[in-house]
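Participant: If you scroll down you'll find the structure; I have some questions about it.
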Amino acid sequence: MLMAASLVLLMTPGVALFYGGMSRSKSVLNMMMMSFGSMAVIGVIYVLWGWSMSYGTEDIGGVFANPFEFFGLKDSITDADGNFIAGAWGYPNVIDIAFQVTFAIITTALISGALAERVKFGTWMAFSAIWVTVVYFPLAHMVWGGGLLSGSENGLAAKIFGTMDDGEGGLVAQVAPIDFAGGTVVHINAGMAAFVLAVIVGKRIGFGKTAFRPHNLPLVMLGAALLWFGWFGFNAGSAFAADGAAGLAWVNTTSATAAAILGWLATERIRDGKATSLGAASGAVAGLVAITPAAGSLSPVGSLVLGAIAGILSALAVGLKYKFGYDDSLDVVGVHLVSGLWGTVAIGFFATKTGLFYGGDYKQLVIQIVIAACALTFTAVLTAVIAFALKPLGWRVSKEKEARGIDEGEHAETAYDFA
């Protein structure tokens, strides 16, 4: 589990490289700093109240847990005798804390791709702190911490389709929502937040008129490779044991990702006449996103189908920003929101135990749509509130800084010294 946590932590520098390569040369450092800034801010906040809000036992309305119950990780690591406290999965609780903080970090960092080249670094840092507290921690609690979007007896699934005995003297939902590693908590969440911010913050100067080309495609490919590598910690690690479930998640992750690359490249080839390296890297991420909620529920063949469709859908979706006029700079909406929604809903079709295509009925599909819709609405409303609340700080750098380059304007640095 510590290895899995380390792999997931590596994913955020992977995001920095992926996004940095997709930016223009005068903006690459700022783009990478937004990821590293999220690592710093959330690494502190999670210790103070993030763990308590996400996985505390004092549930507040099924939305979040008491942030002061385990504030500063009190009573979370060792007991009064100095012995390590066992967590829900049998190993010491502190290991689970290590694993979960990495998810909070990367979810926030993913949003930054929609804001490339135009946002004040200080405002981004303030947003990261507020958003992870108001949006991410509650959603993690709702889905994974026994809240409204979980399979607990008090969740929406139980209210819709009733409860049953869990075999241990308690009650659970008859049909539980499935989010193996973060389709709702991570990707729908980050993708919807990115869309809201892109609309509120506004477009880059020249959007729709200037070609914003990636300045370093090898950097993008390296970032995608690190993301794929780290994603095995993300998905296989979410089995919480070195067992067959982890092995299935690993194989499904590889299968879906490979198929998504082919789906994206085929779409490019038919539409544009060429298959690109940026398409291969983006297709890999689309497949990884789509399989994240489904990694423990699908067969490898089902994962191939899921991934191929994700690659096609996201390849088509990244062009919507030009049609509808929102500047999702690095395609967070087209990749993470679209493939995250597809992966979450597709469980209702492809899950080997409860999916429609495997003899199940409609109930799993309904529950997957419900949790996706709830996550979309929750994130959209609260992200908009936060974005408007931060307007007095100022979201945008000056036009001069944006034109000259945000790296120099915000950090007094440039990525490449040509002097």
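We name chains A, B, ... following the order of the structure tokens; residues begin at 1 in each chain, and ligands are numbered from 1 as shown.
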Would you list the contacts of stretch 398-408 of chain A as a list in words, taking every protein, DNA or RNA residue within 10 Å and counting only C-alpha atoms, but skipping same-chain residues closer than 4 positions in sequence?
Facilitator: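 Neighbouring residues, sequence-local ones excluded: Arg24, Ser25, Lys26, Ser27, Val28, Leu29, Asn30, Met31, Met33, Ala116, Glu117, Arg118, Val119, Lys120, Phe121, Arg204, Ile205, Gly206, Gly394, Ala412, Glu413, Thr414 and Ala415 of chain A.
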Participant: Each residue of stretch 124-240 of chain A lying at most 9 Å from stretch 53-71 of chain A should get a row with its shortest atom-to-atom pair and the distance in Å to one decimal, counting only C-alpha atoms; could you produce that, ordered by chain and increasing number, as a Markdown table?
Facilitator:
```
| residue | atom | partner | partner_atom | distance |
| --- | --- | --- | --- | --- |
| A:Thr133 | CA | A:Met53 | CA | 8.2 |
| A:Tyr136 | CA | A:Ser54 | CA | 8.5 |
| A:Phe137 | CA | A:Ser54 | CA | 5.0 |
| A:Pro138 | CA | A:Phe64 | CA | 4.5 |
| A:Leu139 | CA | A:Val63 | CA | 7.2 |
| A:Ala140 | CA | A:Ser54 | CA | 5.7 |
| A:His141 | CA | A:Ser54 | CA | 4.4 |
| A:Met142 | CA | A:Val63 | CA | 5.5 |
| A:Trp144 | CA | A:Tyr55 | CA | 8.0 |
| A:Gly145 | CA | A:Tyr55 | CA | 5.1 |
| A:Gly146 | CA | A:Gly62 | CA | 7.4 |
| A:Gly147 | CA | A:Gly62 | CA | 4.2 |
| A:Leu148 | CA | A:Gly62 | CA | 5.0 |
| A:Leu149 | CA | A:Gly62 | CA | 8.4 |
| A:Asn154 | CA | A:Gly62 | CA | 7.7 |
| A:Gly155 | CA | A:Gly62 | CA | 7.5 |
```
Participant: In terms of the shortest atom-to-atom distance over only C-alpha atoms, which of A:Phe240, A:Phe229, A:Trp131, A:Trp395 is closest to A:Thr383?
Facilitator: A:Trp131
Participant: At a cut-off of 10 Å, using only C-alpha atoms, what residues contact A:His336? Leave out same-chain residues fewer than 5 positions from it and give the result as a compact mmCIF listing (two decimals) with all heavy atoms, in the first residue's frame.
Facilitator:
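Written file, result.txt:
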```
# COMPACT_ATOMS: atom_id res chain seq x y z
N LEU A 110 -5.37 18.33 -11.25
CA LEU A 110 -5.96 18.11 -12.57
C LEU A 110 -6.73 19.32 -13.07
O LEU A 110 -6.75 19.62 -14.27
CB LEU A 110 -6.89 16.90 -12.54
CG LEU A 110 -6.24 15.51 -12.44
CD1 LEU A 110 -7.30 14.44 -12.23
CD2 LEU A 110 -5.41 15.21 -13.68
N ILE A 111 -7.38 20.03 -12.16
CA ILE A 111 -8.22 21.18 -12.54
C ILE A 111 -7.39 22.26 -13.23
O ILE A 111 -7.88 22.95 -14.14
CB ILE A 111 -8.91 21.77 -11.29
CG1 ILE A 111 -9.78 20.71 -10.61
CG2 ILE A 111 -9.73 23.00 -11.65
CD1 ILE A 111 -10.26 21.13 -9.22
N GLY A 183 -14.01 7.53 -10.12
CA GLY A 183 -14.70 8.11 -11.26
C GLY A 183 -15.47 9.37 -10.88
O GLY A 183 -15.40 10.39 -11.58
N VAL A 186 -12.81 11.76 -8.20
CA VAL A 186 -11.64 12.36 -8.84
C VAL A 186 -11.99 12.98 -10.19
O VAL A 186 -11.88 14.20 -10.37
CB VAL A 186 -10.51 11.32 -9.00
CG1 VAL A 186 -9.30 11.94 -9.71
CG2 VAL A 186 -10.10 10.77 -7.64
N HIS A 187 -12.44 12.20 -11.15
CA HIS A 187 -12.46 12.67 -12.53
C HIS A 187 -13.69 13.49 -12.88
O HIS A 187 -13.58 14.55 -13.51
CB HIS A 187 -12.27 11.48 -13.47
CG HIS A 187 -10.96 10.81 -13.26
ND1 HIS A 187 -9.77 11.44 -13.53
CD2 HIS A 187 -10.64 9.59 -12.75
CE1 HIS A 187 -8.77 10.64 -13.22
NE2 HIS A 187 -9.28 9.52 -12.73
N ILE A 188 -14.89 13.04 -12.51
CA ILE A 188 -16.06 13.88 -12.73
C ILE A 188 -15.92 15.16 -11.91
O ILE A 188 -16.22 16.27 -12.37
CB ILE A 188 -17.35 13.12 -12.35
CG1 ILE A 188 -17.60 11.97 -13.33
CG2 ILE A 188 -18.55 14.06 -12.31
CD1 ILE A 188 -18.79 11.10 -12.98
N ASN A 189 -15.43 15.02 -10.71
CA ASN A 189 -15.22 16.14 -9.81
C ASN A 189 -14.27 17.17 -10.41
O ASN A 189 -14.60 18.35 -10.57
CB ASN A 189 -14.67 15.60 -8.49
CG ASN A 189 -14.77 16.58 -7.33
OD1 ASN A 189 -15.38 17.63 -7.45
ND2 ASN A 189 -14.15 16.23 -6.22
N ALA A 190 -13.07 16.73 -10.80
CA ALA A 190 -12.08 17.64 -11.37
C ALA A 190 -12.55 18.20 -12.71
O ALA A 190 -12.36 19.39 -13.00
CB ALA A 190 -10.74 16.93 -11.53
N GLY A 191 -13.15 17.35 -13.54
CA GLY A 191 -13.58 17.80 -14.86
C GLY A 191 -14.67 18.85 -14.79
O GLY A 191 -14.65 19.83 -15.54
N MET A 192 -15.64 18.65 -13.88
CA MET A 192 -16.72 19.63 -13.75
C MET A 192 -16.19 20.94 -13.17
O MET A 192 -16.59 22.03 -13.60
CB MET A 192 -17.83 19.07 -12.86
CG MET A 192 -19.11 19.89 -12.90
SD MET A 192 -19.86 19.82 -14.55
CE MET A 192 -20.71 21.37 -14.62
N ALA A 194 -13.21 22.09 -13.54
CA ALA A 194 -12.46 22.72 -14.61
C ALA A 194 -13.38 23.46 -15.57
O ALA A 194 -13.08 24.59 -16.01
CB ALA A 194 -11.65 21.66 -15.37
N VAL A 285 -4.57 8.74 -21.37
CA VAL A 285 -5.19 9.33 -20.18
C VAL A 285 -6.70 9.09 -20.19
O VAL A 285 -7.30 8.77 -19.15
CB VAL A 285 -4.86 10.83 -20.09
CG1 VAL A 285 -5.60 11.47 -18.90
CG2 VAL A 285 -3.36 11.04 -19.94
N ALA A 286 -7.34 9.21 -21.35
CA ALA A 286 -8.79 8.96 -21.43
C ALA A 286 -9.13 7.54 -21.00
O ALA A 286 -10.10 7.31 -20.26
CB ALA A 286 -9.28 9.23 -22.85
N GLY A 287 -8.34 6.56 -21.45
CA GLY A 287 -8.58 5.18 -21.05
C GLY A 287 -8.37 4.97 -19.57
O GLY A 287 -9.13 4.25 -18.90
N LEU A 288 -7.32 5.59 -19.02
CA LEU A 288 -7.05 5.47 -17.59
C LEU A 288 -8.18 6.07 -16.77
O LEU A 288 -8.59 5.51 -15.75
CB LEU A 288 -5.72 6.18 -17.27
CG LEU A 288 -4.46 5.51 -17.82
CD1 LEU A 288 -3.28 6.47 -17.81
CD2 LEU A 288 -4.13 4.25 -17.01
N VAL A 289 -8.69 7.21 -17.23
CA VAL A 289 -9.80 7.85 -16.53
C VAL A 289 -11.04 6.96 -16.55
O VAL A 289 -11.69 6.74 -15.53
CB VAL A 289 -10.12 9.22 -17.18
CG1 VAL A 289 -11.44 9.78 -16.66
CG2 VAL A 289 -8.99 10.20 -16.92
N ALA A 290 -11.37 6.43 -17.72
CA ALA A 290 -12.61 5.66 -17.86
C ALA A 290 -12.60 4.39 -17.02
O ALA A 290 -13.62 4.00 -16.44
CB ALA A 290 -12.85 5.32 -19.33
N SER A 314 -13.65 10.97 -26.08
CA SER A 314 -12.82 12.10 -25.67
C SER A 314 -12.16 12.77 -26.87
O SER A 314 -11.99 14.00 -26.88
CB SER A 314 -11.78 11.65 -24.65
OG SER A 314 -12.37 11.47 -23.38
N ASP A 331 -7.71 20.57 -22.14
CA ASP A 331 -8.69 19.50 -22.38
C ASP A 331 -9.02 18.67 -21.14
O ASP A 331 -9.24 17.45 -21.23
CB ASP A 331 -8.21 18.58 -23.51
CG ASP A 331 -8.01 19.33 -24.81
OD1 ASP A 331 -8.81 20.24 -25.09
OD2 ASP A 331 -7.04 19.04 -25.54
N LEU A 341 -17.35 10.41 -16.81
CA LEU A 341 -18.79 10.13 -16.88
C LEU A 341 -19.05 8.80 -17.58
O LEU A 341 -19.86 7.98 -17.11
CB LEU A 341 -19.50 11.25 -17.62
CG LEU A 341 -19.79 12.53 -16.84
CD1 LEU A 341 -20.26 13.64 -17.78
CD2 LEU A 341 -20.84 12.27 -15.76
N TRP A 342 -18.37 8.58 -18.70
CA TRP A 342 -18.57 7.34 -19.44
C TRP A 342 -18.19 6.13 -18.58
O TRP A 342 -18.95 5.16 -18.49
CB TRP A 342 -17.76 7.36 -20.73
CG TRP A 342 -17.58 6.01 -21.35
CD1 TRP A 342 -16.40 5.36 -21.58
CD2 TRP A 342 -18.60 5.12 -21.82
NE1 TRP A 342 -16.60 4.13 -22.15
CE2 TRP A 342 -17.95 3.95 -22.31
CE3 TRP A 342 -19.99 5.18 -21.87
CZ2 TRP A 342 -18.65 2.87 -22.84
CZ3 TRP A 342 -20.69 4.11 -22.39
CH2 TRP A 342 -20.03 2.97 -22.88
```
Participant: Within 6 Å of A:Val345, counting only C-alpha atoms, which residues qualify if same-chain residues fewer than 3 places away don't, as a PDB file with C-alpha atoms, in the first residue's frame?
Facilitator:
```pdb
ATOM      1  CA  TRP A 342     -18.566   7.336 -19.438  1.00  0.00           C
ATOM      2  CA  GLY A 348     -24.216  -0.294 -15.327  1.00  0.00           C
ATOM      3  CA  GLN A 368     -24.495   4.879 -11.498  1.00  0.00           C
ATOM      4  CA  ILE A 369     -26.385   7.651 -13.275  1.00  0.00           C
TER       5      ILE A 369
END
```
Participant: Find the residue from A:Gly162, A:Gly296, A:Gly122, A:Gly14 that sits nearest to A:Ile347; use only C-alpha atoms when measuring.
Facilitator: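 Closest to A:Ile347 of all the choices is A:Gly296.
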Participant: Considering only C-alpha atoms, can you say which of A:Pro218, A:Gly334, A:Gly409, A:Gly302 comes closest to A:Phe357?
Facilitator: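 Nearest candidate to A:Phe357 out of A:Pro218, A:Gly334, A:Gly409, A:Gly302: A:Gly302.
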Participant: Can you list, as a PyMOL selection string, every protein, DNA or RNA residue that comes within 9 Å of A:Gly263 when you count only C-alpha atoms, leaving out same-chain residues fewer than 3 positions away?
Facilitator: chain A and resi 258-260+266-268+283+307-313+315
Participant: Rounded to one decimal place, report the atom CA of A:Gly20-atom CA of A:Asn216 distance in Å.
Facilitator: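 If I compute the distance from atom CA of A:Gly20 to atom CA of A:Asn216, I get 8.1 Å.
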